[in-house]
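K.L.:
Next comes data09.txt, compact mmCIF, C-alpha atoms:
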# COMPACT_ATOMS: atom_id res chain seq x y z
CA MET A 1 4.61 42.81 -39.83
CA SER A 2 3.52 39.26 -39.02
CA LEU A 3 6.04 36.45 -38.55
CA ALA A 4 4.78 34.82 -41.73
CA GLN A 5 5.88 37.92 -43.69
CA GLN A 6 9.41 37.97 -42.29
CA LYS A 7 12.21 36.80 -44.55
CA THR A 8 15.77 36.07 -43.51
CA LEU A 9 18.74 36.55 -45.81
CA GLY A 10 21.65 34.22 -45.05
CA ILE A 11 25.04 35.40 -46.30
CA CYS A 12 28.50 33.84 -46.46
CA PHE A 13 31.72 34.88 -48.16
CA SER A 14 34.36 32.84 -49.97
CA GLY A 15 37.15 34.48 -51.93
CA SER A 16 35.67 36.64 -54.68
CA GLN A 17 32.13 35.34 -54.17
CA VAL A 18 29.16 36.13 -51.97
CA PHE A 19 26.64 33.32 -51.47
CA TYR A 20 23.12 33.88 -50.21
CA ALA A 21 19.93 32.06 -49.29
CA VAL A 22 16.44 33.38 -48.52
CA HIS A 23 14.07 31.78 -46.02
CA GLN A 24 10.53 32.83 -45.09
CA THR A 25 9.56 32.45 -41.46
CA GLY A 26 6.87 29.85 -40.89
CA ARG A 27 8.03 27.50 -43.65
CA PRO A 28 10.39 25.07 -41.91
CA GLY A 29 13.05 23.60 -44.18
CA ALA A 30 11.96 25.69 -47.18
CA ILE A 31 14.39 27.97 -49.00
CA GLU A 32 13.00 30.47 -51.49
CA ARG A 33 16.26 31.11 -53.29
CA ILE A 34 19.93 30.08 -53.28
CA GLY A 35 22.31 32.27 -55.26
CA GLN A 36 25.72 33.87 -55.59
CA ALA A 37 27.36 37.06 -56.75
CA SER A 38 30.89 37.13 -58.15
CA PHE A 39 33.39 39.98 -58.06
CA GLN A 40 36.78 40.63 -59.63
CA PHE A 41 38.51 40.80 -56.25
CA PRO A 42 38.64 38.91 -52.94
CA VAL A 43 35.65 40.48 -51.25
CA LEU A 44 36.45 40.76 -47.56
CA GLU A 45 40.16 41.45 -47.98
CA THR A 46 39.43 44.27 -50.41
CA VAL A 47 36.48 46.05 -48.79
CA VAL A 48 38.49 46.63 -45.60
CA THR A 49 40.58 49.31 -47.33
CA ASP A 50 38.82 50.06 -50.64
CA SER A 51 35.73 52.22 -50.16
CA ASP A 52 34.70 51.93 -53.83
CA ALA A 53 34.80 48.13 -53.64
CA ARG A 54 32.82 48.23 -50.40
CA SER A 55 30.14 50.39 -52.02
CA GLY A 56 29.92 47.95 -54.95
CA VAL A 57 29.48 44.92 -52.71
CA LYS A 58 26.91 46.74 -50.55
CA SER A 59 24.97 47.70 -53.67
CA VAL A 60 24.77 44.08 -54.87
CA ILE A 61 23.67 42.80 -51.46
CA ARG A 62 21.12 45.60 -51.22
CA ARG A 63 19.60 44.57 -54.58
CA ILE A 64 19.27 40.99 -53.31
CA GLN A 65 17.58 42.25 -50.13
CA GLN A 66 15.11 44.31 -52.14
CA GLU A 67 14.40 41.64 -54.78
CA TYR A 68 13.32 39.11 -52.15
CA SER A 69 11.87 41.60 -49.63
CA CYS A 70 14.17 40.41 -46.83
CA THR A 71 13.52 41.84 -43.38
CA GLN A 72 16.58 40.60 -41.47
CA ALA A 73 19.93 38.94 -42.09
CA ARG A 74 22.33 36.45 -40.58
CA VAL A 75 25.92 36.35 -41.75
CA VAL A 76 28.58 33.65 -41.31
CA THR A 77 31.76 35.12 -39.86
CA PRO A 78 34.79 33.89 -41.85
CA PRO A 79 37.18 31.79 -39.72
CA ALA A 80 40.01 34.16 -40.64
CA PHE A 81 38.15 36.85 -38.67
CA GLU A 82 38.27 34.82 -35.44
CA THR A 83 40.67 33.06 -33.05
CA TRP A 84 39.35 29.81 -31.53
CA LEU A 85 40.67 28.31 -28.29
CA SER A 86 39.65 25.38 -26.12
CA VAL A 87 39.83 26.75 -22.58
CA PRO A 88 39.64 24.84 -19.26
CA LYS A 89 36.50 25.59 -17.27
CA ALA A 90 38.72 26.69 -14.37
CA VAL A 91 39.97 29.56 -16.55
CA TYR A 92 36.43 30.41 -17.65
CA ASP A 93 35.33 30.60 -14.00
CA ASP A 94 38.21 32.88 -12.91
CA PRO A 95 37.99 36.52 -14.13
CA GLN A 96 41.74 37.07 -13.74
CA GLU A 97 42.57 33.94 -15.73
CA ARG A 98 40.09 34.94 -18.41
CA ASP A 99 41.67 38.37 -18.72
CA ALA A 100 45.12 36.77 -19.03
CA TYR A 101 43.86 34.63 -21.93
CA PHE A 102 42.36 37.67 -23.61
CA ALA A 103 45.62 39.61 -23.23
CA THR A 104 47.72 36.75 -24.61
CA PHE A 105 45.60 35.46 -27.47
CA GLY A 106 43.86 38.72 -28.33
CA SER A 107 46.95 40.94 -28.34
CA HIS A 108 46.75 41.27 -32.15
CA ILE A 109 43.28 42.77 -31.78
CA GLY A 110 43.70 45.05 -28.79
CA THR A 111 41.56 45.35 -25.70
CA ALA A 112 39.35 48.12 -27.07
CA ASN A 113 38.22 46.02 -30.05
CA LEU A 114 38.21 42.55 -28.50
CA GLU A 115 34.91 40.65 -28.34
CA PRO A 116 34.97 37.25 -26.56
CA PHE A 117 32.27 34.63 -27.12
CA TRP A 118 32.00 31.39 -25.12
CA PHE A 119 30.49 28.11 -26.31
CA PRO A 120 29.84 24.85 -24.40
CA LEU A 121 31.71 21.71 -25.43
CA SER A 122 30.76 18.05 -25.05
CA ASN A 123 33.53 17.81 -22.42
CA ARG A 124 32.06 19.99 -19.68
CA GLU A 125 35.52 20.69 -18.24
CA PHE A 126 36.26 22.93 -21.22
CA ARG A 127 34.70 25.83 -23.12
CA LEU A 128 35.37 27.02 -26.65
CA LEU A 129 36.43 30.66 -26.78
CA ALA A 130 36.00 32.64 -30.01
CA LEU A 131 37.77 35.99 -30.11
CA ARG A 132 36.47 38.54 -32.61
CA ASP A 133 37.66 41.96 -33.69
CA ARG A 134 34.80 44.40 -33.21
CA ARG A 135 35.93 46.27 -36.35
CA ASN A 136 35.37 43.16 -38.48
CA ALA A 137 31.93 42.67 -36.96
CA GLN A 138 31.08 46.26 -37.81
CA LEU A 139 32.36 45.73 -41.37
CA LEU A 140 29.98 42.79 -41.88
CA GLU A 141 27.07 44.78 -40.47
CA ASP A 142 27.92 47.67 -42.77
CA LEU A 143 27.94 45.42 -45.85
CA LEU A 144 24.40 44.28 -45.02
CA SER A 145 22.99 47.62 -43.90
CA PRO A 146 20.32 48.88 -43.67
CA LEU A 147 19.04 45.35 -43.06
CA PRO A 148 19.37 44.46 -39.35
CA VAL A 149 21.82 41.62 -38.71
CA GLY A 150 20.26 39.20 -36.24
CA ASP A 151 23.35 37.05 -35.74
CA GLN A 152 26.95 36.78 -36.81
CA ILE A 153 27.50 33.03 -36.86
CA SER A 154 30.90 31.46 -36.24
CA ASP A 155 31.85 28.84 -38.80
CA PHE A 156 31.80 26.00 -36.24
CA GLU A 157 28.23 26.99 -35.32
CA LEU A 158 27.15 25.71 -38.74
CA GLY A 159 27.48 22.18 -37.40
CA ILE A 160 25.37 23.12 -34.39
CA ARG A 161 22.70 24.57 -36.68
CA TRP A 162 22.87 21.41 -38.81
CA ALA A 163 22.21 19.27 -35.73
CA LEU A 164 19.18 21.40 -34.84
CA HIS A 165 17.87 21.41 -38.41
CA SER A 166 18.41 17.70 -39.14
CA LYS A 167 17.68 16.52 -35.57
CA SER A 168 20.98 14.63 -35.80
CA LYS A 169 22.32 13.07 -32.61
CA GLY A 170 25.22 11.30 -34.28
CA SER A 171 28.94 11.98 -34.45
CA TYR A 172 30.18 13.93 -37.43
CA LEU A 173 33.03 16.05 -38.68
CA THR A 174 32.54 19.18 -40.80
CA LEU A 175 35.19 20.26 -43.31
CA HIS A 176 34.58 23.73 -44.75
CA PHE A 177 37.11 24.58 -47.46
CA PHE A 178 38.15 28.06 -48.54
CA GLU A 179 40.76 28.97 -51.14
CA ASP A 180 43.50 29.13 -48.49
CA ARG A 181 41.90 27.88 -45.28
CA LEU A 182 40.17 24.80 -43.87
CA SER A 183 37.66 25.05 -41.02
CA VAL A 184 37.26 21.79 -39.05
CA SER A 185 34.63 21.06 -36.40
CA SER A 186 33.81 17.84 -34.57
CA PHE A 187 30.48 16.88 -33.02
CA ILE A 188 29.50 13.96 -30.81
CA LEU A 189 25.86 13.18 -30.08
CA GLY A 190 25.05 16.48 -31.77
CA LYS A 191 27.25 18.51 -29.39
CA LEU A 192 30.37 20.45 -30.31
CA ARG A 193 33.55 18.57 -29.37
CA GLY A 194 36.19 20.88 -30.84
CA ALA A 195 36.99 23.27 -33.69
CA THR A 196 40.00 24.75 -35.42
CA HIS A 197 40.90 26.41 -38.70
CA VAL A 198 44.08 25.84 -40.67
CA GLN A 199 45.65 28.14 -43.26
CA PHE A 200 47.38 26.53 -46.24
CA SER A 201 49.10 27.56 -49.48
CA HIS A 202 48.04 24.51 -51.54
CA PRO A 203 45.58 21.68 -50.77
CA GLY A 204 48.50 19.27 -51.14
CA ASP A 205 49.86 20.72 -47.89
CA LEU A 206 46.78 19.59 -45.96
CA PRO A 207 47.98 16.07 -45.01
CA TYR A 208 51.05 17.47 -43.21
CA LEU A 209 49.03 20.24 -41.56
CA TRP A 210 46.31 17.80 -40.52
CA LEU A 211 48.81 15.47 -38.85
CA HIS A 212 50.52 18.40 -37.15
CA HIS A 213 47.29 19.75 -35.65
CA ALA A 214 45.98 16.28 -34.77
CA GLN A 215 48.99 15.78 -32.49
CA HIS A 216 47.52 18.41 -30.18
CA LEU A 217 43.81 18.17 -30.99
CA HIS A 218 42.88 14.56 -30.28
CA TRP A 219 39.29 15.00 -31.46
CA MET A 220 40.66 15.30 -35.03
CA ARG A 221 41.62 11.61 -34.74
CA GLY A 222 38.27 10.66 -33.25
CA ILE A 223 35.70 8.29 -34.72
CA HIS A 224 32.85 9.89 -36.65
CA ASP A 225 29.81 8.46 -38.41
CA GLN A 226 29.99 11.08 -41.17
CA VAL A 227 32.29 13.69 -42.64
CA LEU A 228 30.32 16.61 -44.10
CA VAL A 229 32.35 18.33 -46.84
CA PHE A 230 31.51 21.70 -48.41
CA GLY A 231 33.07 24.88 -49.77
CA HIS A 232 35.69 25.79 -52.36
CA ASN A 233 36.74 22.74 -54.45
CA ALA A 234 35.53 20.72 -51.49
CA SER A 235 35.55 17.19 -52.97
CA ASP A 236 38.99 17.53 -54.55
CA SER A 237 40.52 19.11 -51.45
CA ALA A 238 38.95 16.54 -49.12
CA ALA A 239 40.54 13.76 -51.18
CA PHE A 240 43.95 14.83 -49.84
CA LEU A 241 42.74 14.05 -46.31
CA LYS A 242 41.08 10.69 -47.03
CA PRO A 243 44.09 8.60 -45.88
CA TYR A 244 44.18 10.49 -42.57
CA THR A 245 40.57 10.11 -41.52
CA ASP A 246 38.59 7.02 -40.53
CA GLN A 247 38.45 4.85 -43.66
CA ALA A 248 35.05 3.44 -42.73
CA VAL A 249 33.40 6.84 -42.33
CA GLU A 250 30.75 8.07 -44.77
CA VAL A 251 31.96 11.17 -46.62
CA VAL A 252 29.10 13.41 -47.79
CA THR A 253 29.70 16.38 -50.08
CA VAL A 254 26.76 18.65 -49.26
CA ASN A 255 26.04 19.75 -52.83
CA SER A 256 22.28 19.31 -53.31
CA PRO A 257 19.05 20.40 -51.61
CA GLU A 258 18.40 16.78 -50.67
CA LYS A 259 21.70 16.52 -48.80
CA MET A 260 21.01 19.86 -47.14
CA GLY A 261 17.62 18.61 -45.98
CA ILE A 262 15.75 21.51 -47.57
CA GLU A 263 13.02 22.19 -50.11
CA VAL A 264 13.75 24.70 -52.86
CA ALA A 265 11.93 25.32 -56.13
CA ASP A 266 14.98 26.04 -58.29
CA LYS A 267 17.40 23.12 -58.20
CA THR A 268 19.58 24.21 -61.11
CA TYR A 269 22.71 26.16 -60.26
CA GLY A 270 25.58 27.58 -62.24
CA PHE A 271 27.97 27.15 -59.33
CA ASP A 272 29.00 24.60 -56.73
CA VAL A 273 26.05 24.87 -54.36
CA SER A 274 28.02 23.30 -51.50
CA GLN A 275 29.69 26.71 -51.15
CA ALA A 276 26.28 28.20 -50.35
CA TRP A 277 25.40 25.68 -47.62
CA PRO A 278 26.62 28.02 -44.84
CA ALA A 279 24.28 30.70 -46.16
CA VAL A 280 21.40 28.19 -46.18
CA LEU A 281 22.06 27.19 -42.57
CA ALA A 282 22.29 30.86 -41.61
CA ALA A 283 18.96 31.66 -43.26
CA LEU A 284 16.99 28.79 -41.70
CA GLU A 285 15.12 29.07 -38.41
CA VAL A 286 16.48 26.31 -36.17
Translate this file's structure into structure tokens.
P.N.:
Amino acid sequence: MSLAQQKTLGICFSGSQVFYAVHQTGRPGAIERIGQASFQFPVLETVVTDSDARSGVKSVIRRIQQEYSCTQARVVTPPAFETWLSVPKAVYDDPQERDAYFATFGSHIGTANLEPFWFPLSNREFRLLALRDRRNAQLLEDLLSPLPVGDQISDFELGIRWALHSKSKGSYLTLHFFEDRLSVSSFILGKLRGATHVQFSHPGDLPYLWLHHAQHLHWMRGIHDQVLVFGHNASDSAAFLKPYTDQAVEVVTVNSPEKMGIEVADKTYGFDVSQAWPAVLAALEV
């Protein structure tokens, strides 16, 4: 099969919905289709233990694969599936120190299932460590099988992919909202500065939680040219944080193909397309 015939399916999950985007290799910035599938249950929480629910979700994703003749997939790993830590380079360079971090912060996963991933930060004295549970990675691969999964993308990597896609060299903050979680990532000159995710019961709790985390994560109080907002009830939820971010910053809700920097034939959606932006970024070649 030639490269021009290859199609990538980008997938992301949010609550009871699966969002997807299809991109054909060789057509930079072009998306063939953006869509979603809704279920009567929270998808990832349910398929872990309910085999019937898992079969139903797999069947829907398989139909999407077949309808658009997709040849590979990339999936966005939900922040709840990962632990993120900013780690001094001295720890990264010392095997014993690394193992101590894994034992401390990965104890809820267990050594046998722990998968560490390291990412460079704009401050070269630190690295970002993402700890994954191998069982969750296998679950995501199973949901997309038999399609091969090229990458499982951490949520903060969406901002990296945006920089590559848009050729942005500015400073920006990404706010990805879920029903009960906020993923925050900061970028300076197009490079990752820091990332965290915060669980909440109600969006009204976000101001307190933001201030609490910003006491320890100084990049959350940094100056940014833009705040990119997307996800579940993104605009309404972001409004709670407006008083606690730079008042002069441009806030962009990424809810149209134009704001995503893509070309797509169908621009009419029956859902908030900002929730599908992670799937779009996953599908694109960057």
K.L.:
If we count all atoms listed in the file and set the cut-off at 6 Å, which residues sit around region 166-183 of chain A, ignoring sequence neighbours fewer than 2 positions away in its own chain? Please answer as a count of residues only.
P.N.:
24
K.L.:
Under the rule that only C-alpha atoms are counted, which of A:Ser154, A:Gly15, A:Ser107, A:Ile34 is the nearest residue to Glu82 (chain A)?
P.N.:
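Using only C-alpha atoms, Glu82 (chain A) sits closest to A:Ser154.
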K.L.:
What's the 9 Å shell around Pro203 (chain A), counting only C-alpha atoms, without same-chain residues fewer than 4 positions away, as a PyMOL selection string?
P.N.:
chain A and resi 179-180+207+236-238+240
K.L.:
Rounded to one decimal place, report the CA of Gly194 (chain A)-CA of Pro78 (chain A) distance in Å.
P.N.:
17.1 Å
K.L.:
Would you give me, as a tab-separated table, each residue of region 15-108 of chain A having an atom within 9 Å of an atom of region 267-274 of chain A, along with its shortest atom pair and that distance in Å to one decimal, using all atoms listed in the file and sorting by chain and residue number?
P.N.:
residue	atom	partner	partner_atom	distance
A:Phe19	CA	A:Val273	CA	9.0
A:Ile34	CA	A:Val273	CA	8.1
A:Gly35	CA	A:Tyr269	CA	7.9
A:Gln36	CA	A:Phe271	CA	8.0
K.L.:
Counting only C-alpha atoms, which of A:Gln72, A:Asn233, A:Ser256, A:Ser59 gets nearest to Gly150 (chain A)?
P.N.:
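Nearest to Gly150 (chain A): A:Gln72.
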K.L.:
One decimal, Å: what's the distance from CA of Gln17 (chain A) over to CA of Phe39 (chain A), could you say?
P.N.:
6.2 Å
K.L.:
Measuring between all atoms listed in the file, which one of A:Asn136, A:Ser16, A:Ser86, A:Thr104 shows the shortest distance to Pro120 (chain A)?
P.N.:
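Among the listed residues, the smallest separation from Pro120 (chain A) belongs to A:Ser86.
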K.L.:
Restricting the calculation to only C-alpha atoms: of A:Arg98, A:Ser69, A:Thr196, A:Asp246, which residue gets closest to Ile223 (chain A)?
P.N.:
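Between A:Arg98, A:Ser69, A:Thr196, A:Asp246, the residue approaching Ile223 (chain A) most closely is A:Asp246.
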K.L.:
What is the distance between CA of Asn113 (chain A) and CA of Arg134 (chain A), in Å to one decimal?
P.N.:
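Computing the Euclidean distance for CA of Asn113 (chain A) and CA of Arg134 (chain A) yields 4.9 Å.
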K.L.:
From the set A:Gly106, A:Ala283, A:Leu211, A:Ser55, which residue has the shortest atom-to-atom contact distance to Thr25 (chain A), counting all atoms listed in the file?
P.N.:
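Of all the options, A:Ala283 lies closest to Thr25 (chain A).
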K.L.:
Out of A:Tyr68, A:Gly261, A:Leu139, A:Trp210, which residue has the shortest atom-to-atom distance to Thr46 (chain A) when counting only C-alpha atoms?
P.N.:
A:Leu139
K.L.:
Skip Leu85 (chain A) itself and residues of its chain fewer than 6 positions away, then list as a PDB file with C-alpha atoms, in the coordinates of the input all residues within 9 Å of it, counting only C-alpha atoms.
P.N.:
ATOM      1  CA  PHE A 105      45.600  35.460 -27.470  1.00  0.00           C
ATOM      2  CA  ARG A 127      34.700  25.830 -23.120  1.00  0.00           C
ATOM      3  CA  LEU A 128      35.370  27.020 -26.650  1.00  0.00           C
ATOM      4  CA  LEU A 129      36.430  30.660 -26.780  1.00  0.00           C
ATOM      5  CA  ALA A 130      36.000  32.640 -30.010  1.00  0.00           C
ATOM      6  CA  LEU A 131      37.770  35.990 -30.110  1.00  0.00           C
ATOM      7  CA  ALA A 195      36.990  23.270 -33.690  1.00  0.00           C
ATOM      8  CA  THR A 196      40.000  24.750 -35.420  1.00  0.00           C
TER       9      THR A 196
END
K.L.:
Quick one: residues within 8 Å of Ala21 (chain A), all atoms listed in the file counted, chain neighbours fewer than 3 positions away excluded, as a list in words?
P.N.:
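Near Ala21 (chain A), the qualifying residues are Leu9, Gly10, Ile11, Ile31, Glu32, Arg33, Ile34, Gly35, Ala276, Ala279, Val280 and Ala283 of chain A.
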